[in-house]
Amino acid sequence: MPDPIRVVLADDEALLRSTLRLLIDATPGMAVVAEAATGAAAVREAAAAEPDLVLMDVRMPELDGITATARITARSPAPRVLVLTTFDLDDYVYRALHAGASGFLLKDVPPAQLLDAMRVVAAGEALLAPSATRRLIAEYTRVSAAARAVPRRELDVLTPREREVLALITRGLSNTEIEQSLHLTRSTVKTHIGRLMTKLAARDRAQLVIAGYESGLADRV
């Protein structure tokens, strides 16, 4: 049997942590190895427990979840971080991805979807495909682009095909959807994504989405 996915739960609501622990510990292939009620505690527990995944709340005492995420992902090797948010916190999404989170979910997500998302993120992918996620990112970028004043990322190093792939990633399409859209093989899509990560110095798919928005590519998809 493969080793279970080791999870740190970071949330200031004790009842929610208990509910999540029951759900995760009852799921084959997963185990909660530590809990944290503050952002500072999350950073400490992530360093001590060396988990595969941190399930991180955004609003945390002592240290907010975004800052805690940045500190956790700055370590090497770093666990993956899946951020939980509520709909009225959508302006935190972009900052969470910049901090190194590999994805985020709304707190009212069904249990089965949460577990699936945890598996996806723990496996090294980024959870950015759901339509709700695309809407949150797109809306945040639209209303705050002027305020952020983020420099536009140069795309001159990319080939025309790599730009097409990045545009589809920015829209939240999965590898399978990109294959179908561009009539490419799975291996070719993976090759393009690997080259995009190298050329844009992106750690994962989440950072490719950020690159797409910062370059202005999101305005054209």
# chains A, B, ... in the order shown; residues from 1 in each chain; ligands from 1
$ select_by_dssp --residues "region 26-99 of chain A" --states "strand (DSSP E)" --output "PyMOL selection string"
chain A and resi 30-36+53-57+80-85
$ closest_residue --among "A:Arg75, A:Arg195, A:Arg6, A:Arg161" --to "Val43 (chain A)" --atoms "only C-alpha atoms"
A:Arg75
$ closest_residue --among "A:Ala37, A:Leu23, A:Ala123, A:Leu84" --to "Glu62 (chain A)" --atoms "only C-alpha atoms"
A:Ala37
$ atom_distance --atom1 "CA of Asp116 (chain A)" --atom2 "CA of Leu22 (chain A)"
16.0 Å
$ residues_around --residues "Asp156 (chain A)" --least-positions-apart "3" --cutoff "12 Å" --atoms "only C-alpha atoms" --output "CSV table (one decimal) with C-alpha atoms, in the first residue's frame"
chain,number,residue,atom,x,y,z
A,152,ARG,CA,3.2,42.9,-17.6
A,153,ARG,CA,5.2,39.7,-18.0
A,159,THR,CA,6.6,30.1,-29.2
A,160,PRO,CA,3.1,30.8,-30.7
A,162,GLU,CA,3.2,27.8,-26.1
A,163,ARG,CA,1.2,31.1,-26.0
A,196,LEU,CA,6.2,27.0,-20.0
A,199,LYS,CA,10.6,29.7,-19.4
A,200,LEU,CA,8.3,31.5,-17.0
A,215,SER,CA,1.2,39.3,-19.0
